[in-house]
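Trainee: There's a structure below that I have some questions on.
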Amino acid sequence: MPRPSGSSAPRPLSLAEIAALVGGRVAGDAAVTVRAPAVLDSRLGEPGGLFVAMAGEHVDGHDYAGRTRATAVLGSRPTPLPTVVVDDVPAALQTLAAHAVARLRERLTVVAVTGSQGKTSTKDLLSVVLSGAGPTVATHGSYNNELGVPLTMLRAGPHTRFLALEMGARHVGDIARLTGLVAPDVAVVLNVGKAHIGEFGSRAAIERTKGELVRGLAPGGTAVLNADDPRVVAMRALTDGPVLTFGRAEHADVRIEDLVLDRRGRATFTLRAADAPARVALPFVGAHQALNAAAAAAAGLAAGVPLVTSAVALSTASLSRWRLELRTLACGATLLNDSYNANPDSTRAALDTLASMAGRRRIAVLGAMLELGADSEAEHRAVGAYAAARADLVAVVGDTARPVAEAAGERAIALSDNESAVGWLREQLTDGDIVLVKASRGGRLDEVAAALG
């Protein structure tokens with residue numbers, strides 16, 4: 001398992017101090033001091049660190065306390081290690097994180113990112129932009145919920161200059177609760193799409209939830225909004241503070257111009273702010289990543305990073321795993337692994353990227369898009385028609401995604417499961433082919449990508 005990157009030494013706290021802060025009691029030596037980051041995975045624990053033991057439906061973290069290298073535990077019952085025992089572990093973790101960051105706010109700038117898609121990639125780009133200006137702690141992967149955000153906050157220390165937080169949501173009020181832990185100085189809203197619409201119930205509910213980030217700004221904080229998304233740019237009405245916009249729109253404060261793609265689908269473009277241009281050449285694929293880069297650059301401006309500095313940083317950036325990862329297979333085919341997650345908008349963006357790349361055949365391997373509610377079949381059919389116009393072959397994996405194959409028509413083949421997909425691809429792929437792998441996390445198409453070598 002990878003260890004969280006970008007950690008900074010947090011302020012040391014004894015277990016007695018932690019217990020007093022979170023309303024718990026200490027089982028064991030109360031003088032033990034926590035001086036390293038908190039983790040949810042016992043395997044990632046460090047000496048001096050805090051293992052947060054969660055009792056889940058299938059796995060109880062308390063049972064792993066004896067195996068971690070962490071020094072102490074935050075849990076709901078005593079463990080073999082010195083433990084702060086509380087009734088509600090998530091609430092205690094959040095209280096501890098809020099306290100820790102509050103002590104740092106005098107010199108700490110907090111930048112938060114949300115949106116229906118592109119959050120993690122934008123957070124990755126933002127981390128690179130901010131790191132050039134000062135020590136930065138950023139969300140690891142997609143740890144963007146009520147547990148992941150406080151874990152990231154607890155990695156900040158006295159020398160941290162920027163804290164970049166990805167904030168996700170599945171219900172109205174989720175982001176408001178996160179901004180209740182830490183009010184951002186800069187709030188970036190990327191888009192209002194259809195991700196998790198089955199949970200939210202409507203686009204209006206998604207819009208309201210994303211807007212919670214703007215409403216949660218610290219006094220005088222800056223909203224950074226997508227000028228190309230009417231639902232997002234309308235959020236300027238939610239704040240009395242400064243607003244910066246980004247996008248291709250003529251009126252955007254940070255504008256994308258002259259975008260071109262090379263034969264592998266990598267974008268080169270100009271970012272222009274206040275008539276000062278800066279050229280960016282992204283080292284990864286996808287025209288849609290130009291918008292994420294513009295968002296990161298606009299947030300950088302709000303945090304005091306010059307545009308030209310951001311442009312240089314963006315040209316050296318990398319993304320979290322399984323986000324349009326490009327790899328050459330032993331057979332000579334090119335794999336475009338975008339298997340981390342999927343919704344209708346992100347799938348279309350991935351298909352556009354596939355279509356932009358030069359190759360013998362373009363093959364789209366698509367699985368189910370989950371949490372789409374009553375619109376699920378219609379959305380899968382729409383993606384199937386879109387895929388048929390952009391790929392030479394469309395391999396559809398699993399029964400839930402079968403409407404994709406039906407809409408893609410003669411270009412499609414329906415495969416029952418991941419094992420069947422791997423077998424079919426091994427027979428099909430040859431030198432010069434480009435294959436995209438894309439589905440919601442529940443489809444586990446990363447296993448298909450990994451099996452291809």
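In the structure tokens, each chain is lettered A, B, ... as it comes, each chain's residues begin at 1, and ligands are numbered from 1 in order of appearance.
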As a ChimeraX atom specification, please: the residues near stretch 267-272 of chain A (cut-off 12 Å, only C-alpha atoms, same-chain neighbours under 4 positions excluded).

Mentor: /A:245-263,276-298,301,306-312,314-315,353,356-357

Trainee: List every residue of stretch 53-242 of chain A that DSSP, applied to the backbone, labels as helix (DSSP H, G or I), and write the result as a ChimeraX atom specification.

Mentor: /A:61-67,89-102,119-131,148-153,174-181,197-200,203-215,230-238

Trainee: Using only C-alpha atoms, which residues sit within 10 Å of A:Ser116 once same-chain residues fewer than 2 positions away are excluded, as a PyMOL selection string?

Mentor: chain A and resi 114+118-119+168-169+189-197+206-207+210+343+345-346

Trainee: Need to verify the contact set: A:Ala368, 7 Å, only C-alpha atoms, exclusion of same-chain residues closer than 4 positions in sequence. Can you return it as an mmCIF file with all heavy atoms, in the first residue's frame?

Mentor:
```cif
data_model
loop_
_atom_site.group_PDB
_atom_site.id
_atom_site.type_symbol
_atom_site.label_atom_id
_atom_site.label_comp_id
_atom_site.auth_asym_id
_atom_site.auth_seq_id
_atom_site.Cartn_x
_atom_site.Cartn_y
_atom_site.Cartn_z
ATOM 1 N N THR A 400 -25.191 -4.886 -16.272
ATOM 2 C CA THR A 400 -25.694 -3.537 -16.006
ATOM 3 C C THR A 400 -25.369 -2.585 -17.144
ATOM 4 O O THR A 400 -26.129 -1.657 -17.434
ATOM 5 C CB THR A 400 -25.102 -2.997 -14.692
ATOM 6 O OG1 THR A 400 -25.396 -3.915 -13.639
ATOM 7 C CG2 THR A 400 -25.678 -1.634 -14.348
ATOM 8 N N ALA A 401 -24.231 -2.820 -17.807
ATOM 9 C CA ALA A 401 -23.801 -1.943 -18.897
ATOM 10 C C ALA A 401 -24.337 -2.381 -20.255
ATOM 11 O O ALA A 401 -24.040 -1.736 -21.270
ATOM 12 C CB ALA A 401 -22.275 -1.895 -18.941
ATOM 13 N N ALA A 439 -14.905 2.508 -16.281
ATOM 14 C CA ALA A 439 -16.130 2.080 -15.607
ATOM 15 C C ALA A 439 -16.166 2.671 -14.218
ATOM 16 O O ALA A 439 -15.156 3.198 -13.725
ATOM 17 C CB ALA A 439 -16.204 0.557 -15.517
ATOM 18 N N SER A 440 -17.316 2.563 -13.562
ATOM 19 C CA SER A 440 -17.396 2.947 -12.162
ATOM 20 C C SER A 440 -16.550 2.006 -11.321
ATOM 21 O O SER A 440 -16.264 0.871 -11.714
ATOM 22 C CB SER A 440 -18.849 2.922 -11.676
ATOM 23 O OG SER A 440 -19.538 4.086 -12.069
ATOM 24 N N GLY A 443 -17.143 -1.741 -10.841
ATOM 25 C CA GLY A 443 -16.867 -2.683 -11.926
ATOM 26 C C GLY A 443 -15.488 -3.291 -11.875
ATOM 27 O O GLY A 443 -15.211 -4.289 -12.543
#
```

Trainee: Given the choices A:Asp352, A:Arg323, A:Leu217, A:Ser14, which gets closest to A:Thr122 if the distance is worked out from only C-alpha atoms?

Mentor: A:Arg323

Trainee: With a distance cut-off of 12 Å and only C-alpha atoms, select the neighbouring residues of stretch 388-391 of chain A, excluding the residue or stretch itself and same-chain residues fewer than 2 positions from it, and output the selection as a PDB file with C-alpha atoms, in the first residue's frame.

Mentor:
```pdb
ATOM      1  CA  THR A 347     -16.894   8.757 -19.827  1.00  0.00           C
ATOM      2  CA  ARG A 348     -17.567  11.102 -22.723  1.00  0.00           C
ATOM      3  CA  ALA A 349     -14.368  12.987 -21.923  1.00  0.00           C
ATOM      4  CA  ALA A 350     -12.419   9.727 -21.920  1.00  0.00           C
ATOM      5  CA  LEU A 351     -13.976   8.714 -25.249  1.00  0.00           C
ATOM      6  CA  ASP A 352     -13.032  12.099 -26.710  1.00  0.00           C
ATOM      7  CA  THR A 353      -9.466  11.470 -25.577  1.00  0.00           C
ATOM      8  CA  LEU A 354      -9.489   8.027 -27.219  1.00  0.00           C
ATOM      9  CA  ALA A 355     -10.793   9.546 -30.458  1.00  0.00           C
ATOM     10  CA  SER A 356      -8.032  12.177 -30.450  1.00  0.00           C
ATOM     11  CA  MET A 357      -5.222   9.620 -30.387  1.00  0.00           C
ATOM     12  CA  ALA A 358      -3.550   8.241 -33.505  1.00  0.00           C
ATOM     13  CA  GLY A 359      -3.690   4.459 -33.785  1.00  0.00           C
ATOM     14  CA  ARG A 360      -4.634   1.446 -35.931  1.00  0.00           C
ATOM     15  CA  ARG A 361      -7.893   0.783 -34.056  1.00  0.00           C
ATOM     16  CA  ARG A 362      -9.525   2.562 -31.143  1.00  0.00           C
ATOM     17  CA  ILE A 363     -11.165   0.122 -28.736  1.00  0.00           C
ATOM     18  CA  ALA A 364     -13.341   1.265 -25.826  1.00  0.00           C
ATOM     19  CA  VAL A 365     -13.827  -1.191 -22.965  1.00  0.00           C
ATOM     20  CA  LEU A 366     -16.737   0.158 -20.932  1.00  0.00           C
ATOM     21  CA  ARG A 381     -27.627   4.151 -23.996  1.00  0.00           C
ATOM     22  CA  ALA A 382     -26.489   7.715 -24.598  1.00  0.00           C
ATOM     23  CA  VAL A 383     -22.911   6.747 -23.786  1.00  0.00           C
ATOM     24  CA  GLY A 384     -23.198   3.743 -26.105  1.00  0.00           C
ATOM     25  CA  ALA A 385     -24.201   5.963 -29.035  1.00  0.00           C
ATOM     26  CA  TYR A 386     -21.392   8.379 -28.157  1.00  0.00           C
ATOM     27  CA  LEU A 393     -14.890  -1.368 -31.316  1.00  0.00           C
ATOM     28  CA  VAL A 394     -16.873  -1.061 -28.088  1.00  0.00           C
ATOM     29  CA  ALA A 395     -16.461  -3.914 -25.605  1.00  0.00           C
ATOM     30  CA  VAL A 396     -19.140  -3.720 -22.913  1.00  0.00           C
ATOM     31  CA  VAL A 404     -24.264   0.584 -23.884  1.00  0.00           C
ATOM     32  CA  ALA A 405     -23.764  -2.348 -26.252  1.00  0.00           C
ATOM     33  CA  GLU A 406     -27.324  -2.161 -27.542  1.00  0.00           C
ATOM     34  CA  ALA A 407     -26.951   1.532 -28.386  1.00  0.00           C
ATOM     35  CA  ALA A 408     -23.479   1.091 -29.907  1.00  0.00           C
ATOM     36  CA  GLY A 409     -24.927  -1.403 -32.386  1.00  0.00           C
ATOM     37  CA  GLU A 410     -22.708  -3.352 -34.759  1.00  0.00           C
ATOM     38  CA  ARG A 411     -19.513  -1.888 -33.318  1.00  0.00           C
ATOM     39  CA  ALA A 412     -20.191  -3.439 -29.910  1.00  0.00           C
ATOM     40  CA  ILE A 413     -19.584  -6.773 -28.265  1.00  0.00           C
ATOM     41  CA  ASP A 433      -4.232  -0.495 -31.271  1.00  0.00           C
ATOM     42  CA  ILE A 434      -5.354   1.916 -28.536  1.00  0.00           C
ATOM     43  CA  VAL A 435      -7.613   0.534 -25.830  1.00  0.00           C
ATOM     44  CA  LEU A 436      -9.521   2.617 -23.268  1.00  0.00           C
TER      45      LEU A 436
END
```

Trainee: With distances taken over only C-alpha atoms, which of A:Tyr340, A:Val448, A:Glu371, A:Ala65 is nearest to A:Arg170?

Mentor: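 Nearest to A:Arg170: A:Glu371.
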
Trainee: Using backbone DSSP assignments, extract all strand (DSSP E or B) residues from stretch 247-338 of chain A; output them as a PyMOL selection string.

Mentor: chain A and resi 247+254-261+266-273+276-285+325-328+334-337

Trainee: Stretch 123-140 of chain A: which residues within 8 Å, counting only C-alpha atoms, same-chain residues fewer than 3 positions away excluded, as a count of residues only?

Mentor: 38

Trainee: When you look at A:Val84 with a cut-off of 10 Å (counting only C-alpha atoms), what residues show up, excluding the ones that are within fewer than 4 positions of it in the same chain? I need them as JSON, numbers by chain.

Mentor: {"A": [15, 16, 17, 18, 19, 20, 22, 23, 24, 25, 26, 27, 28, 29, 30, 50, 52, 72, 73, 74, 75, 76, 77, 78, 79, 89, 92]}

Trainee: Which one is closest to A:Ala183: A:Thr430, A:Arg105, A:Glu199, A:Asn226? Count only C-alpha atoms.

Mentor: A:Arg105

Trainee: Hey, which of A:Ala31, A:Leu372, A:Ala237, A:Ala70 ends up closest to A:Glu46? Count only C-alpha atoms.

Mentor: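 Answer, going by the shortest atom-to-atom distance: A:Ala70.
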
Trainee: Using only C-alpha atoms, which of A:Gly201, A:Asp229, A:Val110, A:Ala187 sits nearest A:Leu244?

Mentor: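 That would be A:Ala187, the residue with the smallest distance to A:Leu244.
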
Trainee: Under the rule that only C-alpha atoms are counted, which of A:Lys438, A:Ala102, A:Glu212, A:Ser142 is the nearest residue to A:Val182?

Mentor: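 Result for the nearest residue to A:Val182: A:Ala102.
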
Trainee: Could you please determine the separation between atom CA of A:Leu40 and atom CA of A:Ala98 in Å, to one decimal place?

Mentor: 17.4 Å

Trainee: If you measure from atom CA of A:Val188 to atom CA of A:Pro150, what distance in Å do you get, rounded to one decimal?

Mentor: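 Atom CA of A:Pro150 lies 18.6 Å from atom CA of A:Val188.
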